[in-house]
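Colleague: You'll find query_38.tsv just under this line, and it carries TSV, C-alpha atoms.
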```
chain	number	residue	atom	x	y	z
A	1	MET	CA	0.00	0.00	0.00
A	2	ALA	CA	2.76	2.42	0.98
A	3	GLN	CA	4.66	1.58	-2.19
A	4	ALA	CA	1.57	2.24	-4.32
A	5	VAL	CA	1.10	5.66	-2.71
A	6	GLU	CA	4.77	6.45	-3.25
A	7	GLU	CA	4.54	5.52	-6.93
A	8	TRP	CA	1.36	7.59	-7.33
A	9	TYR	CA	3.12	10.57	-5.73
A	10	LYS	CA	6.25	10.24	-7.86
A	11	GLN	CA	4.21	10.04	-11.07
A	12	MET	CA	2.58	13.40	-10.40
A	13	PRO	CA	3.77	16.26	-12.63
A	14	ILE	CA	6.04	18.80	-10.99
A	15	ILE	CA	3.61	21.69	-10.36
A	16	THR	CA	0.84	19.48	-8.98
A	17	ARG	CA	3.26	17.57	-6.75
A	18	SER	CA	4.87	20.76	-5.44
A	19	TYR	CA	1.57	22.51	-4.67
A	20	LEU	CA	-0.01	19.43	-3.09
A	21	THR	CA	3.09	18.86	-0.92
A	22	ALA	CA	3.23	22.49	0.20
A	23	ALA	CA	-0.49	22.50	1.05
A	24	ILE	CA	-0.32	19.29	3.07
A	25	VAL	CA	2.85	20.28	4.93
A	26	THR	CA	1.47	23.75	5.75
A	27	THR	CA	-1.90	22.44	6.93
A	28	ILE	CA	-0.34	19.68	9.05
A	29	GLY	CA	2.15	22.17	10.46
A	30	CYS	CA	-0.69	24.44	11.56
A	31	SER	CA	-2.66	21.51	13.03
A	32	LEU	CA	0.38	20.51	15.10
A	33	GLU	CA	0.89	24.18	16.08
A	34	ILE	CA	4.34	24.22	14.51
A	35	ILE	CA	3.15	27.03	12.25
A	36	SER	CA	0.66	29.69	13.24
A	37	PRO	CA	-2.15	30.50	10.76
A	38	TYR	CA	-1.91	34.10	11.98
A	39	ASN	CA	1.40	34.34	10.13
A	40	LEU	CA	-0.10	33.01	6.90
A	41	TYR	CA	-3.45	34.68	6.28
A	42	LEU	CA	-4.01	37.49	3.79
A	43	ASN	CA	-3.85	40.84	5.54
A	44	PRO	CA	-3.49	43.87	3.22
A	45	ASN	CA	-2.29	46.18	6.01
A	46	LEU	CA	0.50	43.82	7.04
A	47	VAL	CA	1.51	43.28	3.42
A	48	ILE	CA	1.65	46.97	2.53
A	49	LYS	CA	2.74	48.62	5.78
A	50	HIS	CA	4.93	45.89	7.26
A	51	TYR	CA	6.21	44.34	4.01
A	52	GLN	CA	5.01	40.84	4.89
A	53	PHE	CA	4.81	39.86	1.23
A	54	TRP	CA	4.91	36.13	1.97
A	55	ARG	CA	1.23	36.34	2.92
A	56	LEU	CA	0.40	36.77	-0.76
A	57	VAL	CA	1.61	33.17	-1.21
A	58	THR	CA	0.99	31.43	2.10
A	59	ASN	CA	-2.73	32.19	2.13
A	60	PHE	CA	-3.02	29.80	-0.83
A	61	LEU	CA	-1.34	26.95	1.07
A	62	TYR	CA	-3.45	26.60	4.21
A	63	PHE	CA	-6.68	24.58	3.93
A	64	ARG	CA	-7.97	25.08	7.46
A	65	ASN	CA	-8.64	22.13	9.76
A	66	MET	CA	-7.75	18.58	8.79
A	67	ASP	CA	-11.31	17.31	8.49
A	68	LEU	CA	-13.60	16.00	5.78
A	69	ASP	CA	-13.55	19.36	4.01
A	70	PHE	CA	-9.73	19.22	3.91
A	71	LEU	CA	-9.77	15.73	2.37
A	72	PHE	CA	-12.42	16.89	-0.08
A	73	HIS	CA	-10.25	19.76	-1.35
A	74	MET	CA	-7.07	17.68	-1.38
A	75	PHE	CA	-8.85	15.19	-3.63
A	76	PHE	CA	-9.94	17.89	-6.07
A	77	LEU	CA	-6.53	19.54	-5.97
A	78	ALA	CA	-4.72	16.27	-6.70
A	79	ARG	CA	-7.21	15.20	-9.36
A	80	TYR	CA	-7.98	18.30	-11.43
A	81	CYS	CA	-4.63	20.03	-11.06
A	82	LYS	CA	-3.02	16.80	-12.24
A	83	LEU	CA	-5.48	16.38	-15.14
A	84	LEU	CA	-4.84	19.92	-16.34
A	85	GLU	CA	-1.06	19.64	-16.12
A	86	GLU	CA	-0.91	16.21	-17.79
A	87	ASN	CA	-3.44	16.86	-20.57
A	88	SER	CA	-4.33	20.45	-21.41
A	89	PHE	CA	-0.84	21.71	-20.45
A	90	ARG	CA	1.17	18.67	-21.44
A	91	GLY	CA	4.69	19.83	-22.34
A	92	ARG	CA	3.75	23.39	-21.25
A	93	THR	CA	4.75	23.55	-17.60
A	94	ALA	CA	5.50	27.27	-17.79
A	95	ASP	CA	2.02	27.99	-19.18
A	96	PHE	CA	0.44	25.97	-16.39
A	97	PHE	CA	2.43	27.82	-13.73
A	98	TYR	CA	1.37	31.10	-15.34
A	99	MET	CA	-2.28	30.01	-15.19
A	100	ILE	CA	-1.97	29.43	-11.44
A	101	LEU	CA	-0.15	32.75	-11.01
A	102	PHE	CA	-2.88	34.54	-12.99
A	103	GLY	CA	-5.62	32.92	-10.90
A	104	ALA	CA	-3.90	33.79	-7.63
A	105	THR	CA	-3.46	37.40	-8.76
A	106	VAL	CA	-7.11	37.74	-9.81
A	107	LEU	CA	-8.36	36.24	-6.55
A	108	THR	CA	-6.14	38.50	-4.46
A	109	GLY	CA	-7.23	41.55	-6.44
A	110	ILE	CA	-10.93	40.72	-6.05
A	111	VAL	CA	-10.61	40.32	-2.29
A	112	LEU	CA	-8.59	43.52	-1.88
A	113	ILE	CA	-10.95	45.59	-4.03
A	114	GLY	CA	-14.05	43.98	-2.53
A	115	GLY	CA	-12.82	44.89	0.92
A	116	MET	CA	-13.05	48.58	-0.01
A	117	ILE	CA	-16.64	48.44	-1.36
A	118	PRO	CA	-19.41	49.38	1.09
A	119	TYR	CA	-22.02	46.74	2.03
A	120	VAL	CA	-19.90	43.85	0.72
A	121	SER	CA	-16.64	44.67	2.47
A	122	VAL	CA	-17.72	42.69	5.54
A	123	SER	CA	-18.13	39.52	3.45
A	124	PHE	CA	-14.76	39.95	1.78
A	125	ALA	CA	-13.05	40.71	5.09
A	126	LYS	CA	-13.92	37.17	6.23
A	127	ILE	CA	-12.02	35.64	3.29
A	128	ILE	CA	-8.47	35.46	4.61
A	129	PHE	CA	-7.39	32.22	2.92
A	130	LEU	CA	-7.83	31.70	-0.84
A	131	SER	CA	-6.61	28.12	-1.14
A	132	ASN	CA	-10.10	26.71	-1.65
A	133	SER	CA	-10.86	29.37	-4.27
A	134	LEU	CA	-7.72	28.56	-6.26
A	135	THR	CA	-8.59	24.85	-6.19
A	136	PHE	CA	-12.10	25.66	-7.40
A	137	MET	CA	-10.63	27.75	-10.21
A	138	MET	CA	-8.76	24.67	-11.51
A	139	VAL	CA	-11.96	22.63	-11.37
A	140	TYR	CA	-13.74	25.34	-13.37
A	141	VAL	CA	-11.04	25.57	-16.05
A	142	TRP	CA	-10.97	21.78	-16.42
A	143	SER	CA	-14.77	21.65	-16.75
A	144	LYS	CA	-14.74	24.29	-19.50
A	145	GLN	CA	-12.06	22.43	-21.44
A	146	ASN	CA	-13.77	19.04	-21.03
A	147	PRO	CA	-17.48	19.94	-21.09
A	148	PHE	CA	-18.89	16.68	-22.48
A	149	ILE	CA	-17.37	14.17	-20.04
A	150	HIS	CA	-20.11	12.35	-18.12
A	151	MET	CA	-19.79	12.43	-14.34
A	152	SER	CA	-21.68	11.21	-11.30
A	153	PHE	CA	-22.16	12.96	-7.95
A	154	LEU	CA	-22.09	10.50	-5.05
A	155	GLY	CA	-23.91	8.04	-7.28
A	156	LEU	CA	-27.11	10.10	-6.96
A	157	PHE	CA	-27.31	11.63	-10.43
A	158	THR	CA	-25.22	12.06	-13.55
A	159	PHE	CA	-24.29	15.20	-15.44
A	160	THR	CA	-21.73	16.49	-17.89
A	161	ALA	CA	-18.50	18.12	-16.72
A	162	SER	CA	-19.68	21.58	-17.79
A	163	TYR	CA	-22.05	21.57	-14.78
A	164	LEU	CA	-19.46	20.33	-12.27
A	165	PRO	CA	-18.69	23.76	-10.73
A	166	TRP	CA	-22.39	24.44	-10.20
A	167	VAL	CA	-22.94	21.02	-8.63
A	168	LEU	CA	-20.06	21.61	-6.23
A	169	LEU	CA	-21.32	25.13	-5.47
A	170	GLY	CA	-24.74	23.72	-4.60
A	171	PHE	CA	-23.11	21.10	-2.38
A	172	SER	CA	-21.13	23.80	-0.56
A	173	VAL	CA	-24.33	25.73	0.13
A	174	LEU	CA	-26.04	22.59	1.45
A	175	VAL	CA	-23.23	21.84	3.92
A	176	GLY	CA	-23.15	25.46	5.10
A	177	ALA	CA	-19.83	26.49	3.57
A	178	ASN	CA	-19.10	30.03	2.44
A	179	ALA	CA	-20.44	30.25	-1.13
A	180	TRP	CA	-18.29	33.31	-1.82
A	181	VAL	CA	-15.17	31.15	-1.73
A	182	ASP	CA	-16.39	28.94	-4.59
A	183	LEU	CA	-17.85	31.88	-6.52
A	184	LEU	CA	-14.48	33.66	-6.46
A	185	GLY	CA	-12.86	30.54	-7.92
A	186	MET	CA	-15.47	30.46	-10.67
A	187	ILE	CA	-14.88	34.14	-11.49
A	188	ALA	CA	-11.11	33.68	-11.68
A	189	GLY	CA	-11.52	30.48	-13.72
A	190	HIS	CA	-13.89	32.12	-16.19
A	191	ALA	CA	-11.57	35.11	-16.57
A	192	TYR	CA	-8.72	32.76	-17.51
A	193	TYR	CA	-10.89	30.64	-19.81
A	194	PHE	CA	-12.20	33.71	-21.65
A	195	LEU	CA	-8.81	35.38	-22.09
A	196	GLU	CA	-6.98	32.17	-23.02
A	197	ASP	CA	-9.54	30.23	-25.07
A	198	VAL	CA	-12.43	32.46	-26.16
A	199	TYR	CA	-10.84	35.87	-26.79
A	200	PRO	CA	-7.99	34.53	-29.01
A	201	ARG	CA	-10.54	32.77	-31.25
A	202	MET	CA	-12.50	36.02	-31.55
A	203	THR	CA	-9.61	38.39	-32.25
A	204	GLY	CA	-6.55	36.29	-33.06
A	205	ARG	CA	-4.69	37.87	-30.14
A	206	ARG	CA	-3.57	36.07	-26.98
A	207	PRO	CA	-3.37	38.47	-24.01
A	208	LEU	CA	-2.21	35.78	-21.56
A	209	LYS	CA	0.93	34.78	-23.39
A	210	THR	CA	3.40	33.43	-20.85
A	211	PRO	CA	6.31	35.88	-20.27
A	212	SER	CA	9.71	34.73	-21.40
A	213	PHE	CA	11.26	35.04	-17.92
A	214	ILE	CA	8.74	32.49	-16.62
A	215	ARG	CA	9.45	30.18	-19.54
A	216	SER	CA	13.14	30.34	-18.67
A	217	LEU	CA	12.36	28.83	-15.26
A	218	PHE	CA	11.05	25.61	-16.77
A	219	ALA	CA	12.66	23.22	-19.22
A	220	ASP	CA	9.65	21.64	-20.86
A	221	ASP	CA	10.20	18.25	-22.42
A	222	PRO	CA	9.08	18.13	-26.04
A	223	VAL	CA	6.14	15.88	-26.75
A	224	VAL	CA	7.45	13.15	-29.05
A	225	VAL	CA	5.04	11.09	-31.11
A	226	ALA	CA	6.56	7.70	-31.90
A	227	ARG	CA	6.13	6.41	-35.43
A	228	PRO	CA	4.92	2.80	-35.59
A	229	ALA	CA	7.54	0.35	-36.81
A	230	ASN	CA	7.44	-1.25	-40.26
A	231	VAL	CA	5.13	1.36	-41.74
A	232	ARG	CA	5.49	2.01	-45.45
A	233	PHE	CA	3.99	4.99	-47.15
A	234	ALA	CA	2.40	4.60	-50.57
A	235	PRO	CA	4.14	6.40	-53.45
A	236	PRO	CA	2.45	9.55	-54.79
A	237	PRO	CA	0.03	9.19	-57.73
A	238	GLU	CA	1.69	9.00	-61.14
A	239	GLU	CA	0.20	12.34	-62.28
A	240	GLU	CA	1.50	14.14	-59.16
A	241	ALA	CA	4.96	12.54	-59.57
A	242	GLN	CA	5.17	13.77	-63.16
A	243	GLN	CA	4.21	17.31	-62.11
A	244	ASN	CA	7.03	17.31	-59.53
```
What does the file become when written as structure tokens?

Modeller:
Amino acid sequence: MAQAVEEWYKQMPIITRSYLTAAIVTTIGCSLEIISPYNLYLNPNLVIKHYQFWRLVTNFLYFRNMDLDFLFHMFFLARYCKLLEENSFRGRTADFFYMILFGATVLTGIVLIGGMIPYVSVSFAKIIFLSNSLTFMMVYVWSKQNPFIHMSFLGLFTFTASYLPWVLLGFSVLVGANAWVDLLGMIAGHAYYFLEDVYPRMTGRRPLKTPSFIRSLFADDPVVVARPANVRFAPPPEEEAQQN
């Protein structure tokens, strides 16, 4: 059993493995009181006035208490982050890292701006960890890129992947979780999907092109398609051969 888990962990792509490891280590460290969550949460005043810039990163690593909700989000992080990196971003590690960076930036910006808007600032002030939102963003992006895959929710009913974020949002509401957390992930995910997939098809321009300095951080392996052995190609038609 331990060997199977070890093999599963080693086979994970680099970004998924790194994020999952950091999230688990951080959450366990807080549960054992080795790390204090008060040093990790997103606090604009401490970031700006006291230069505690690490909070812009650490608030994406802590998943609260190690309970059923923690296992639930670890499953979705391991599954959909891995599916995106291995399929949609296969051979494009830098692009995948940039997607996560874009999502984290959008989520942080929404919370900071929302905290300055009257009537809704109280709701945004309660969102001090964005780890769940970033995980939900990955689920949303995967669902938009794989909309026709059939899925089942707890064996109760089936649906296509395009409805997965809405099903999970409804489940969060039923169990009493903060719906804003999932909605923020959907907003960030839709912003990425529109700018990366929809807008380029409309205009021919790609506004989310990965910067060269980020590409230099990753050495992507080229995707090689092996040619089957003993395959012979038919000669060109006689008329075409004479024209050449």

Colleague: For the interface of segment 68-138 of chain A with segment 23-43 of chain A (cut-off 10 Å, counting all atoms listed in the file), please tabulate each contacting residue of segment 68-138 of chain A alongside its nearest pair of atoms and their separation in Å to one decimal, rows sorted by chain and increasing number, as CSV.

Modeller:
```
residue,atom,partner,partner_atom,distance
A:Phe70,CA,A:Thr27,CA,9.0
A:Met74,CA,A:Ile24,CA,8.2
A:Leu77,CA,A:Ala23,CA,9.7
A:Thr108,CA,A:Leu42,CA,8.6
A:Val111,CA,A:Leu42,CA,9.4
A:Leu112,CA,A:Asn43,CA,9.2
A:Ala125,CA,A:Asn43,CA,9.2
A:Ile127,CA,A:Leu42,CA,8.2
A:Ile128,CA,A:Leu42,CA,5.0
A:Phe129,CA,A:Tyr41,CA,5.7
A:Leu130,CA,A:Leu42,CA,8.3
A:Ser131,CA,A:Ala23,CA,8.6
```

Colleague: Quick check, in Å to one decimal: how far apart do atom CA of Ser121 of chain A and atom CA of Leu195 of chain A lie?

Modeller: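 These two atoms are separated by 27.4 Å.
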
Colleague: Give me the residues within 12 Å of segment 197-205 of chain A as a PyMOL selection string, counting only C-alpha atoms and dropping any in the same chain fewer than 6 places off.

Modeller: chain A and resi 88+141+144-145+189-191

Colleague: Quick one: residues within 7 Å of segment 214-220 of chain A, only C-alpha atoms, excluding same-chain residues fewer than 4 positions away - as a list in words?

Modeller: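 What passes the distance filter is Gly91, Arg92, Thr93, Ala94 and Thr210 of chain A.
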
Colleague: Would you please work out which residue, of A:Tyr163, A:Tyr19, A:Trp8, A:Tyr192, is nearest to Thr135 of chain A when using all atoms listed in the file?

Modeller: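 Distance minimum relative to Thr135 of chain A lands on A:Tyr19.
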